[in-house]
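Enquirer: Next up, my_file-v7.cif (mmCIF, C-alpha atoms).
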data_data
loop_
_atom_site.label_atom_id
_atom_site.label_comp_id
_atom_site.auth_asym_id
_atom_site.auth_seq_id
_atom_site.Cartn_x
_atom_site.Cartn_y
_atom_site.Cartn_z
CA MET F 1 -11.58 -32.84 -2.75
CA SER F 2 -11.45 -32.05 -6.44
CA LYS F 3 -9.26 -29.55 -8.19
CA LYS F 4 -11.11 -27.19 -10.46
CA GLU F 5 -9.70 -25.98 -13.74
CA ASN F 6 -8.28 -22.51 -14.28
CA ILE F 7 -7.44 -21.59 -10.72
CA SER F 8 -5.93 -18.13 -10.84
CA LEU F 9 -2.25 -17.76 -10.04
CA SER F 10 -3.06 -15.34 -7.23
CA VAL F 11 -5.03 -18.07 -5.43
CA ILE F 12 -2.20 -20.56 -6.02
CA ARG F 13 0.28 -18.08 -4.61
CA ARG F 14 -1.72 -17.85 -1.38
CA LEU F 15 -1.78 -21.62 -0.82
CA PRO F 16 1.80 -21.90 0.52
CA ARG F 17 0.89 -19.30 3.11
CA TYR F 18 -2.17 -21.30 4.20
CA TYR F 19 0.07 -24.33 4.32
CA ARG F 20 2.58 -22.57 6.59
CA PHE F 21 -0.05 -21.24 8.96
CA LEU F 22 -1.86 -24.58 9.15
CA GLY F 23 1.48 -26.28 9.80
CA GLU F 24 2.03 -23.97 12.77
CA LEU F 25 -1.47 -24.64 14.11
CA LYS F 26 -0.90 -28.38 13.74
CA LYS F 27 2.37 -28.12 15.65
CA SER F 28 0.46 -26.35 18.44
CA ASN F 29 -1.99 -29.27 18.52
CA ILE F 30 -4.95 -27.18 17.38
CA LEU F 31 -7.51 -29.55 15.84
CA ARG F 32 -10.14 -27.24 14.30
CA ILE F 33 -10.22 -23.61 13.22
CA SER F 34 -13.06 -21.40 12.00
CA SER F 35 -12.58 -19.29 8.88
CA ALA F 36 -13.05 -16.24 11.16
CA GLU F 37 -10.12 -17.26 13.37
CA LEU F 38 -7.96 -18.30 10.41
CA SER F 39 -8.69 -14.94 8.80
CA ARG F 40 -7.62 -13.13 11.98
CA ILE F 41 -4.23 -14.81 12.23
CA MET F 42 -3.55 -14.62 8.49
CA GLY F 43 -4.73 -11.06 7.98
CA LEU F 44 -7.21 -12.04 5.24
CA THR F 45 -10.99 -11.69 5.28
CA ALA F 46 -13.02 -14.78 6.18
CA SER F 47 -14.84 -14.54 2.86
CA GLN F 48 -11.51 -14.46 1.00
CA ILE F 49 -10.49 -17.66 2.78
CA ARG F 50 -13.78 -19.40 1.96
CA GLN F 51 -13.48 -18.28 -1.67
CA ASP F 52 -9.87 -19.48 -1.94
CA LEU F 53 -10.57 -22.90 -0.50
CA ASN F 54 -13.73 -23.27 -2.56
CA CYS F 55 -11.55 -23.16 -5.68
CA PHE F 56 -10.46 -26.64 -4.67
CA GLY F 57 -13.90 -27.97 -3.80
CA GLY F 58 -14.08 -26.55 -0.27
CA PHE F 59 -13.02 -28.23 2.93
CA GLY F 60 -15.03 -26.69 5.76
CA GLN F 61 -18.33 -27.66 7.25
CA GLN F 62 -20.69 -24.78 7.98
CA GLY F 63 -20.50 -24.06 11.71
CA TYR F 64 -17.73 -26.57 12.41
CA GLY F 65 -14.77 -24.78 10.87
CA TYR F 66 -11.87 -26.56 9.24
CA ASN F 67 -10.08 -29.68 10.44
CA VAL F 68 -6.52 -28.37 10.67
CA ALA F 69 -4.66 -31.62 9.97
CA ASP F 70 -6.94 -32.55 7.04
CA LEU F 71 -6.73 -29.11 5.46
CA TYR F 72 -2.95 -29.07 5.91
CA GLU F 73 -2.69 -32.49 4.29
CA GLU F 74 -5.00 -31.56 1.39
CA ILE F 75 -3.24 -28.29 0.59
CA GLY F 76 0.06 -30.16 0.68
CA LYS F 77 -1.36 -32.62 -1.86
CA ILE F 78 -2.65 -29.82 -4.08
CA LEU F 79 0.78 -28.19 -4.00
CA GLY F 80 2.34 -31.57 -4.77
CA ILE F 81 4.93 -31.23 -2.05
CA LYS F 82 5.17 -34.93 -1.35
CA GLU F 83 6.23 -35.70 -4.89
CA ASN F 84 9.94 -34.85 -4.78
CA ILE F 85 10.51 -33.53 -8.27
CA LYS F 86 14.08 -34.16 -9.39
CA THR F 87 15.86 -30.83 -9.36
CA ILE F 88 19.24 -29.46 -10.37
CA LEU F 89 20.91 -26.23 -9.32
CA ILE F 90 23.04 -24.19 -11.70
CA GLY F 91 25.62 -21.87 -10.13
CA ALA F 92 27.45 -22.91 -6.96
CA GLY F 93 28.51 -19.38 -5.95
CA ASN F 94 27.39 -17.69 -2.74
CA LEU F 95 23.67 -17.83 -3.45
CA GLY F 96 23.73 -21.35 -4.87
CA LYS F 97 25.75 -22.49 -1.88
CA THR F 98 23.31 -20.90 0.56
CA LEU F 99 20.25 -22.35 -1.16
CA SER F 100 21.68 -25.85 -1.58
CA THR F 101 22.80 -26.07 2.03
CA GLN F 102 20.09 -24.08 3.84
CA MET F 103 16.94 -24.72 1.87
CA ASP F 104 15.03 -27.86 2.77
CA PHE F 105 14.05 -28.71 -0.80
CA HIS F 106 12.46 -31.99 0.28
CA SER F 107 9.87 -30.38 2.50
CA PHE F 108 8.71 -28.22 -0.44
CA GLY F 109 8.40 -31.06 -2.94
CA PHE F 110 11.82 -31.16 -4.57
CA ASP F 111 14.74 -33.56 -4.59
CA LEU F 112 18.02 -31.77 -5.28
CA ILE F 113 20.10 -34.29 -7.22
CA GLY F 114 22.74 -32.25 -9.02
CA ILE F 115 24.70 -28.99 -8.80
CA PHE F 116 26.60 -27.51 -11.73
CA ASP F 117 29.06 -24.68 -12.25
CA ILE F 118 31.63 -23.50 -14.80
CA ASP F 119 34.21 -22.41 -12.21
CA SER F 120 37.00 -24.96 -11.82
CA ASN F 121 37.49 -23.76 -8.23
CA LEU F 122 33.98 -24.90 -7.38
CA ILE F 123 33.74 -28.05 -9.51
CA GLY F 124 34.52 -31.05 -7.32
CA THR F 125 33.58 -29.33 -4.05
CA THR F 126 30.71 -30.79 -2.06
CA LEU F 127 27.51 -28.95 -1.11
CA ASN F 128 24.88 -30.76 0.91
CA SER F 129 26.50 -34.12 0.05
CA ILE F 130 26.36 -33.33 -3.68
CA VAL F 131 29.58 -32.98 -5.66
CA VAL F 132 29.51 -29.89 -7.89
CA LYS F 133 29.85 -30.95 -11.53
CA ASP F 134 31.16 -29.20 -14.62
CA VAL F 135 28.26 -27.69 -16.56
CA SER F 136 29.59 -29.48 -19.67
CA LEU F 137 28.30 -32.72 -18.09
CA LEU F 138 24.72 -31.41 -18.08
CA GLU F 139 23.55 -33.35 -21.17
CA GLU F 140 24.90 -36.66 -19.90
CA PHE F 141 23.45 -36.09 -16.43
CA CYS F 142 20.00 -35.06 -17.64
CA LYS F 143 19.72 -37.99 -20.03
CA LYS F 144 20.44 -40.35 -17.17
CA GLU F 145 18.52 -38.68 -14.32
CA SER F 146 15.74 -36.71 -16.08
CA PRO F 147 15.50 -33.76 -13.68
CA LYS F 148 12.37 -31.66 -14.24
CA VAL F 149 13.27 -28.45 -12.40
CA ALA F 150 16.33 -26.19 -12.45
CA CYS F 151 17.23 -23.60 -9.88
CA LEU F 152 19.20 -20.82 -11.58
CA CYS F 153 21.73 -19.05 -9.36
CA ILE F 154 23.67 -17.44 -12.17
CA PRO F 155 23.85 -13.95 -13.71
CA LYS F 156 21.26 -12.76 -16.20
CA GLU F 157 23.45 -13.27 -19.27
CA ALA F 158 24.40 -16.81 -18.26
CA ALA F 159 20.73 -17.64 -17.66
CA GLU F 160 19.75 -16.34 -21.09
CA GLU F 161 22.40 -18.61 -22.57
CA ILE F 162 21.54 -21.78 -20.69
CA ALA F 163 17.72 -21.61 -20.44
CA GLU F 164 16.97 -23.03 -23.88
CA ARG F 165 19.52 -25.80 -23.41
CA LEU F 166 17.81 -26.80 -20.16
CA VAL F 167 14.34 -26.74 -21.73
CA LYS F 168 15.63 -29.02 -24.50
CA LEU F 169 16.99 -31.37 -21.83
CA GLY F 170 13.51 -31.74 -20.33
CA ILE F 171 13.44 -29.04 -17.64
CA ARG F 172 9.80 -28.00 -17.13
CA GLY F 173 10.16 -25.54 -14.26
CA PHE F 174 12.65 -22.89 -13.19
CA TRP F 175 13.29 -21.43 -9.79
CA ASN F 176 14.96 -18.38 -11.16
CA PHE F 177 17.18 -16.04 -9.17
CA SER F 178 18.94 -14.74 -12.27
CA HIS F 179 16.89 -11.62 -13.14
CA TYR F 180 16.42 -12.99 -16.65
CA ASP F 181 12.67 -12.81 -17.14
CA MET F 182 12.03 -16.14 -18.83
CA SER F 183 8.32 -16.49 -18.29
CA LEU F 184 7.53 -14.44 -21.37
CA GLU F 185 9.64 -16.44 -23.78
CA TYR F 186 8.95 -20.03 -22.77
CA LYS F 187 5.22 -20.60 -22.64
CA GLY F 188 4.23 -23.84 -20.96
CA ILE F 189 7.30 -23.83 -18.73
CA ALA F 190 6.64 -22.88 -15.11
CA VAL F 191 8.93 -20.10 -13.94
CA GLU F 192 9.11 -18.64 -10.46
CA ASN F 193 11.27 -15.55 -10.65
CA VAL F 194 12.72 -14.46 -7.33
CA HIS F 195 13.66 -10.80 -7.38
CA LEU F 196 14.99 -10.00 -3.94
CA GLY F 197 15.57 -6.41 -5.07
CA ASP F 198 11.85 -5.97 -5.71
CA SER F 199 10.97 -6.69 -2.10
CA LEU F 200 13.74 -4.33 -0.96
CA MET F 201 12.34 -1.55 -3.16
CA THR F 202 8.83 -2.18 -1.83
CA LEU F 203 10.27 -1.95 1.69
CA SER F 204 11.95 1.33 0.78
CA TYR F 205 8.61 2.81 -0.30
CA ARG F 206 6.82 1.55 2.78
CA VAL F 207 9.45 2.74 5.26
CA HIS F 208 9.43 6.23 3.72
CA ASP F 209 5.66 6.21 3.87
CA ASN F 210 5.88 5.51 7.62
CA LEU F 211 8.70 7.88 8.59
CA MET U 1 3.94 14.18 -10.36
CA SER U 2 2.00 13.93 -7.15
CA LYS U 3 1.58 10.90 -4.94
CA LYS U 4 -2.02 10.07 -4.11
CA GLU U 5 -3.08 8.76 -0.73
CA ASN U 6 -4.01 5.14 -0.06
CA ILE U 7 -2.23 3.48 -2.94
CA SER U 8 -2.88 -0.23 -2.62
CA LEU U 9 0.00 -2.47 -1.71
CA SER U 10 -0.54 -4.50 -4.88
CA VAL U 11 0.18 -1.40 -6.99
CA ILE U 12 3.25 -0.62 -4.87
CA ARG U 13 4.49 -4.17 -5.33
CA ARG U 14 4.35 -3.77 -9.11
CA LEU U 15 6.45 -0.59 -9.14
CA PRO U 16 9.83 -2.32 -8.65
CA ARG U 17 9.04 -4.42 -11.70
CA TYR U 18 8.27 -1.30 -13.78
CA TYR U 19 11.50 0.14 -12.46
CA ARG U 20 13.49 -2.93 -13.57
CA PHE U 21 11.96 -3.04 -17.04
CA LEU U 22 12.39 0.71 -17.57
CA GLY U 23 16.01 0.40 -16.41
CA GLU U 24 16.58 -2.23 -19.10
CA LEU U 25 14.94 -0.06 -21.76
CA LYS U 26 17.06 2.90 -20.68
CA LYS U 27 20.22 0.78 -20.94
CA SER U 28 19.17 -0.13 -24.49
CA ASN U 29 18.89 3.60 -25.28
CA ILE U 30 15.14 3.45 -25.88
CA LEU U 31 13.75 6.95 -25.37
CA ARG U 32 9.96 6.51 -25.50
CA ILE U 33 7.58 3.60 -25.06
CA SER U 34 3.82 3.28 -25.55
CA SER U 35 1.72 1.64 -22.87
CA ALA U 36 0.86 -1.02 -25.50
CA GLU U 37 4.52 -1.90 -26.00
CA LEU U 38 5.32 -1.73 -22.27
CA SER U 39 2.35 -4.03 -21.64
CA ARG U 40 3.67 -6.51 -24.20
CA ILE U 41 7.13 -6.82 -22.68
CA MET U 42 5.85 -6.85 -19.10
CA GLY U 43 2.95 -9.24 -19.66
CA LEU U 44 0.39 -6.80 -18.23
CA THR U 45 -2.57 -5.19 -19.99
CA ALA U 46 -2.11 -1.64 -21.28
CA SER U 47 -5.07 -0.52 -19.21
CA GLN U 48 -3.47 -2.03 -16.08
CA ILE U 49 -0.33 -0.02 -16.76
CA ARG U 50 -2.25 3.21 -17.29
CA GLN U 51 -4.22 2.57 -14.09
CA ASP U 52 -1.09 1.81 -12.08
CA LEU U 53 0.78 4.88 -13.19
CA ASN U 54 -2.32 7.07 -12.76
CA CYS U 55 -2.16 6.27 -9.03
CA PHE U 56 0.82 8.57 -8.96
CA GLY U 57 -0.65 11.31 -11.09
CA GLY U 58 0.12 9.77 -14.50
CA PHE U 59 3.21 10.26 -16.59
CA GLY U 60 2.24 9.62 -20.20
CA GLN U 61 0.95 11.92 -22.86
CA GLN U 62 -1.91 10.55 -24.96
CA GLY U 63 -0.46 9.38 -28.27
CA TYR U 64 3.17 10.00 -27.31
CA GLY U 65 3.74 7.18 -24.85
CA TYR U 66 6.05 7.43 -21.89
CA ASN U 67 9.47 9.05 -21.73
CA VAL U 68 11.55 6.10 -20.50
CA ALA U 69 14.22 8.05 -18.60
CA ASP U 70 11.69 10.36 -16.92
CA LEU U 71 9.40 7.51 -15.90
CA TYR U 72 12.37 5.52 -14.59
CA GLU U 73 13.54 8.52 -12.58
CA GLU U 74 10.07 9.25 -11.19
CA ILE U 75 9.35 5.67 -10.14
CA GLY U 76 12.77 5.60 -8.48
CA LYS U 77 11.79 8.75 -6.55
CA ILE U 78 8.44 7.28 -5.54
CA LEU U 79 10.20 4.15 -4.29
CA GLY U 80 12.70 6.34 -2.46
CA ILE U 81 15.66 4.41 -3.75
CA LYS U 82 18.01 7.38 -3.75
CA GLU U 83 17.58 7.95 -0.03
CA ASN U 84 19.93 5.34 1.41
CA ILE U 85 18.12 4.36 4.58
CA LYS U 86 20.57 3.25 7.27
CA THR U 87 20.23 -0.50 7.59
CA ILE U 88 21.58 -3.24 9.82
CA LEU U 89 21.67 -6.97 9.21
CA ILE U 90 21.15 -9.49 12.00
CA GLY U 91 22.59 -12.95 11.46
CA ALA U 92 25.89 -13.41 9.63
CA GLY U 93 25.36 -17.08 8.74
CA ASN U 94 25.12 -18.37 5.18
CA LEU U 95 22.13 -16.30 4.15
CA GLY U 96 23.32 -13.13 5.91
CA LYS U 97 26.71 -13.55 4.32
CA THR U 98 25.21 -14.00 0.85
CA LEU U 99 22.91 -11.00 1.18
CA SER U 100 25.54 -8.67 2.67
CA THR U 101 28.10 -9.51 0.02
CA GLN U 102 25.91 -10.08 -3.06
CA MET U 103 23.01 -7.68 -2.66
CA ASP U 104 23.60 -4.16 -3.89
CA PHE U 105 21.68 -2.49 -1.06
CA HIS U 106 22.64 0.99 -2.30
CA SER U 107 20.92 0.62 -5.64
CA PHE U 108 17.66 -0.27 -3.86
CA GLY U 109 17.73 2.64 -1.40
CA PHE U 110 19.57 1.21 1.59
CA ASP U 111 22.92 1.79 3.25
CA LEU U 112 24.13 -1.31 5.09
CA ILE U 113 26.06 0.06 8.05
CA GLY U 114 26.18 -2.79 10.57
CA ILE U 115 26.09 -6.59 10.83
CA PHE U 116 25.43 -8.44 14.09
CA ASP U 117 25.58 -12.02 15.27
CA ILE U 118 25.77 -14.00 18.51
CA ASP U 119 28.27 -16.56 17.23
CA SER U 120 31.80 -15.85 18.50
CA ASN U 121 33.16 -17.58 15.37
CA LEU U 122 31.51 -14.95 13.19
CA ILE U 123 31.98 -11.87 15.38
CA GLY U 124 35.05 -9.97 14.21
CA THR U 125 34.96 -11.38 10.66
CA THR U 126 34.45 -8.93 7.79
CA LEU U 127 31.62 -9.02 5.29
CA ASN U 128 31.47 -6.42 2.55
CA SER U 129 33.99 -4.24 4.50
CA ILE U 130 31.80 -4.38 7.62
CA VAL U 131 33.10 -6.04 10.76
CA VAL U 132 30.50 -8.37 12.30
CA LYS U 133 29.64 -7.15 15.82
CA ASP U 134 28.34 -8.92 18.89
CA VAL U 135 24.58 -8.49 19.11
CA SER U 136 25.05 -7.23 22.68
CA LEU U 137 26.44 -4.01 21.15
CA LEU U 138 23.14 -3.34 19.36
CA GLU U 139 21.86 -0.70 21.81
CA GLU U 140 25.09 1.29 21.74
CA PHE U 141 25.29 1.09 17.95
CA CYS U 142 21.68 2.09 17.33
CA LYS U 143 21.87 5.07 19.70
CA LYS U 144 24.88 6.35 17.81
CA GLU U 145 23.89 5.51 14.22
CA SER U 146 20.07 5.45 14.27
CA PRO U 147 19.49 2.74 11.64
CA LYS U 148 15.88 2.59 10.43
CA VAL U 149 15.76 -0.83 8.80
CA ALA U 150 16.86 -4.29 9.92
CA CYS U 151 17.39 -7.30 7.70
CA LEU U 152 16.67 -10.44 9.72
CA CYS U 153 18.65 -13.52 8.65
CA ILE U 154 18.01 -15.51 11.82
CA PRO U 155 15.70 -18.39 12.79
CA LYS U 156 12.06 -17.79 13.66
CA GLU U 157 12.54 -18.05 17.43
CA ALA U 158 15.50 -15.64 17.42
CA ALA U 159 13.47 -13.17 15.36
CA GLU U 160 10.55 -13.35 17.77
CA GLU U 161 12.97 -12.55 20.56
CA ILE U 162 14.77 -9.64 18.95
CA ALA U 163 11.98 -7.90 16.99
CA GLU U 164 10.59 -5.86 19.88
CA ARG U 165 14.08 -4.84 20.98
CA LEU U 166 14.78 -3.54 17.48
CA VAL U 167 11.49 -1.64 17.29
CA LYS U 168 12.33 0.01 20.61
CA LEU U 169 15.72 0.98 19.19
CA GLY U 170 14.00 2.87 16.36
CA ILE U 171 13.82 0.26 13.59
CA ARG U 172 10.85 1.13 11.34
CA GLY U 173 11.16 -1.53 8.67
CA PHE U 174 12.16 -5.17 8.48
CA TRP U 175 13.42 -7.19 5.56
CA ASN U 176 12.49 -10.44 7.12
CA PHE U 177 13.88 -13.82 6.05
CA SER U 178 13.12 -15.42 9.41
CA HIS U 179 9.65 -16.94 8.84
CA TYR U 180 8.40 -15.09 11.90
CA ASP U 181 5.33 -13.28 10.63
CA MET U 182 5.76 -9.90 12.28
CA SER U 183 3.45 -7.80 10.19
CA LEU U 184 0.44 -8.78 12.24
CA GLU U 185 1.91 -7.84 15.60
CA TYR U 186 3.65 -4.57 14.91
CA LYS U 187 1.26 -2.22 13.19
CA GLY U 188 2.90 0.85 11.69
CA ILE U 189 6.16 -0.97 11.09
CA ALA U 190 6.85 -1.92 7.48
CA VAL U 191 7.67 -5.59 7.09
CA GLU U 192 8.64 -7.38 3.90
CA ASN U 193 8.59 -11.08 4.63
CA VAL U 194 10.61 -13.16 2.21
CA HIS U 195 9.46 -16.75 2.19
CA LEU U 196 11.58 -18.55 -0.34
CA GLY U 197 9.70 -21.76 0.46
CA ASP U 198 6.44 -20.19 -0.72
CA SER U 199 7.79 -19.60 -4.20
CA LEU U 200 9.16 -23.16 -4.25
CA MET U 201 5.73 -24.54 -3.31
CA THR U 202 4.07 -22.42 -5.99
CA LEU U 203 6.58 -23.80 -8.47
CA SER U 204 5.77 -27.32 -7.31
CA TYR U 205 2.07 -26.78 -8.06
CA ARG U 206 2.77 -25.21 -11.43
CA VAL U 207 5.22 -27.87 -12.57
CA HIS U 208 2.76 -30.65 -11.67
CA ASP U 209 0.07 -28.75 -13.52
CA ASN U 210 2.28 -28.78 -16.63
CA LEU U 211 3.61 -32.34 -16.50
#
Show this structure as structure tokens.
Expert:
Amino acid sequence: MSKKENISLSVIRRLPRYYRFLGELKKSNILRISSAELSRIMGLTASQIRQDLNCFGGFGQQGYGYNVADLYEEIGKILGIKENIKTILIGAGNLGKTLSTQMDFHSFGFDLIGIFDIDSNLIGTTLNSIVVKDVSLLEEFCKKESPKVACLCIPKEAAEEIAERLVKLGIRGFWNFSHYDMSLEYKGIAVENVHLGDSLMTLSYRVHDNL
Amino acid sequence: MSKKENISLSVIRRLPRYYRFLGELKKSNILRISSAELSRIMGLTASQIRQDLNCFGGFGQQGYGYNVADLYEEIGKILGIKENIKTILIGAGNLGKTLSTQMDFHSFGFDLIGIFDIDSNLIGTTLNSIVVKDVSLLEEFCKKESPKVACLCIPKEAAEEIAERLVKLGIRGFWNFSHYDMSLEYKGIAVENVHLGDSLMTLSYRVHDNL
């Protein structure tokens, strides 16, 4: 299986969904699946599925369908989820607390090694066995541990302030809940913006459309 | 401004982003913006923007650009975010607590009127001025208040169990954090699945691609 160059982001964004569905099939002890059947359960067309997987060299054998465990394993490798990228989380408020305690970073390819905040009420508390540190210790920590990803659970203004500092400290990817749209300013840095409000607004439109 | 039929979901999904950017421009007292300039700040092509907005009858005047406040207002109307759909939240654990206290439902078109859980330690506590109720009171509550949307902050298995019950009680849209993929089973019901793990996996791929 070889990875081709210039895979579009929309294909990449579908891979985690394949990975989830294949994981479920694997759990149910299903060994092989045709693209027709996979397309039915995922709500995609069979040709879309073949096209997507062909971007990575293709996995199926004509007439035999896909080997579920192999395809699951390969997509996991493509996504790099066995690599455990060292990750820090900035902002130990409600959202940061929820993510650091509820999110299984490991199973998605990340190793959460540090949590930082500016609030003296939060500094020193423990989340998911990690002691929350003062954000002023960021330089020291990053020099020692070299984290590559930062999860931003802070307001927009705070994110604007800290983003450049983090990039200088070697951060190469952001999981960004801050509503500060970084992707346009830092080329070459991977940014996944999570705008929960956007999905709520989409839901609003769709519910009104149905009522 | 007239809404055309059969707008694709991918156009709909971009509208909240337009709405956010226009809101920022409005806050900065910018009165008009060309599609070229809007495309620059949003990272879309100008022709994409014209196409998107044409789905709703178009708003711009050739050579004059878009009136920021009008376009903001109109997209808000299309999204229905002034309507305040009655909404309940199921699951008052960490995530439910974070969403009910941190998410400004009102500004996205929703009115959070009830929170339910099965855990006797959570029932009776107050989140965002709402007392958490026993999930056994759901029928009584829904008959009286007629909520139309449910936010599911419960595990996959619990969501599978409760989804049909909620649909029978009149729920027409789900904001679904449960990893139970409902959209395929309940046609005609709007479902926005939020898979935070998917964006983490996408980030994993993109960071490895950059390293």
Enquirer: What does the distance between atom CA of Glu73 of chain U and atom CA of Tyr18 of chain U come to in Å, to one decimal place?
Expert: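 Taking atom CA of Glu73 of chain U as the start and atom CA of Tyr18 of chain U as the end point, the length is 11.2 Å.
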Enquirer: Need to verify the contact set: Lys86 of chain F, 9 Å, only C-alpha atoms, exclusion of same-chain residues closer than 5 positions in sequence. Can you return it as a list in words?
Expert: Phe110, Asp111, Leu112, Ile113, Gly114, Glu145, Ser146, Pro147, Lys148, Val149 and Ala150 of chain F
Enquirer: Since I can't run it myself right now, could you work out what the PyMOL selection byres ((chain U and resi 167) around 12) selects here and report it as a PDB file with C-alpha atoms, in the coordinates of the input?
Expert:
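File written: expr.pdb
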ATOM      1  CA  LEU U 138      23.140  -3.340  19.360  1.00  0.00           C
ATOM      2  CA  GLU U 139      21.860  -0.700  21.810  1.00  0.00           C
ATOM      3  CA  CYS U 142      21.680   2.090  17.330  1.00  0.00           C
ATOM      4  CA  SER U 146      20.070   5.450  14.270  1.00  0.00           C
ATOM      5  CA  PRO U 147      19.490   2.740  11.640  1.00  0.00           C
ATOM      6  CA  LYS U 148      15.880   2.590  10.430  1.00  0.00           C
ATOM      7  CA  VAL U 149      15.760  -0.830   8.800  1.00  0.00           C
ATOM      8  CA  ALA U 150      16.860  -4.290   9.920  1.00  0.00           C
ATOM      9  CA  ALA U 159      13.470 -13.170  15.360  1.00  0.00           C
ATOM     10  CA  GLU U 160      10.550 -13.350  17.770  1.00  0.00           C
ATOM     11  CA  GLU U 161      12.970 -12.550  20.560  1.00  0.00           C
ATOM     12  CA  ILE U 162      14.770  -9.640  18.950  1.00  0.00           C
ATOM     13  CA  ALA U 163      11.980  -7.900  16.990  1.00  0.00           C
ATOM     14  CA  GLU U 164      10.590  -5.860  19.880  1.00  0.00           C
ATOM     15  CA  ARG U 165      14.080  -4.840  20.980  1.00  0.00           C
ATOM     16  CA  LEU U 166      14.780  -3.540  17.480  1.00  0.00           C
ATOM     17  CA  LYS U 168      12.330   0.010  20.610  1.00  0.00           C
ATOM     18  CA  LEU U 169      15.720   0.980  19.190  1.00  0.00           C
ATOM     19  CA  GLY U 170      14.000   2.870  16.360  1.00  0.00           C
ATOM     20  CA  ILE U 171      13.820   0.260  13.590  1.00  0.00           C
ATOM     21  CA  ARG U 172      10.850   1.130  11.340  1.00  0.00           C
ATOM     22  CA  GLY U 173      11.160  -1.530   8.670  1.00  0.00           C
ATOM     23  CA  PHE U 174      12.160  -5.170   8.480  1.00  0.00           C
ATOM     24  CA  MET U 182       5.760  -9.900  12.280  1.00  0.00           C
ATOM     25  CA  GLU U 185       1.910  -7.840  15.600  1.00  0.00           C
ATOM     26  CA  TYR U 186       3.650  -4.570  14.910  1.00  0.00           C
ATOM     27  CA  LYS U 187       1.260  -2.220  13.190  1.00  0.00           C
ATOM     28  CA  GLY U 188       2.900   0.850  11.690  1.00  0.00           C
ATOM     29  CA  ILE U 189       6.160  -0.970  11.090  1.00  0.00           C
ATOM     30  CA  ALA U 190       6.850  -1.920   7.480  1.00  0.00           C
ATOM     31  CA  VAL U 191       7.670  -5.590   7.090  1.00  0.00           C
TER      32      VAL U 191
END
Enquirer: Residues of chain U within 8 Å of chain F, counting all atoms listed in the file, what are they? List them as a ChimeraX atom specification.
Expert: /U:12-13,15-17,41,43,78-81,85,94-95,98,102-103,108-110,172-175,184,188-192,194,197-208,210-211
Enquirer: Might you pull out every residue within 9 Å of Val68 of chain U, with only C-alpha atoms counted and same-chain residues fewer than 5 positions away left off, and present them as a list in words?
Expert: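 Those residues are Leu22, Gly23, Leu25, Lys26, Ile30, Leu31, Arg32, Ile33 and Glu73 of chain U.
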Enquirer: Do you know which residues the PyMOL selection byres ((chain U and resi 155) around 9) returns on this file, as an mmCIF file with C-alpha atoms, in the frame of the given file?
Expert:
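See part_9.cif below for the written result:
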data_model
loop_
_atom_site.group_PDB
_atom_site.id
_atom_site.type_symbol
_atom_site.label_atom_id
_atom_site.label_comp_id
_atom_site.auth_asym_id
_atom_site.auth_seq_id
_atom_site.Cartn_x
_atom_site.Cartn_y
_atom_site.Cartn_z
ATOM 1 C CA GLY U 91 22.590 -12.950 11.460
ATOM 2 C CA LEU U 152 16.670 -10.440 9.720
ATOM 3 C CA CYS U 153 18.650 -13.520 8.650
ATOM 4 C CA ILE U 154 18.010 -15.510 11.820
ATOM 5 C CA LYS U 156 12.060 -17.790 13.660
ATOM 6 C CA GLU U 157 12.540 -18.050 17.430
ATOM 7 C CA ALA U 158 15.500 -15.640 17.420
ATOM 8 C CA ALA U 159 13.470 -13.170 15.360
ATOM 9 C CA GLU U 160 10.550 -13.350 17.770
ATOM 10 C CA PHE U 177 13.880 -13.820 6.050
ATOM 11 C CA SER U 178 13.120 -15.420 9.410
ATOM 12 C CA HIS U 179 9.650 -16.940 8.840
ATOM 13 C CA TYR U 180 8.400 -15.090 11.900
#
Enquirer: Output, as AutoDock Vina command-line options, the centre and edge lengths in Å (one decimal) of the axis-aligned box that contains all listed atoms of segment 158-172 of chain F with 8 Å of margin on each side.
Expert:
--center_x 17.1 --center_y -24.0 --center_z -20.8 --size_x 30.6 --size_y 31.4 --size_z 23.4
Enquirer: Could you please determine the separation between atom CA of Ile49 of chain F and atom CA of Tyr64 of chain F in Å, to one decimal place?
Expert: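 So the answer is 15.0 Å.
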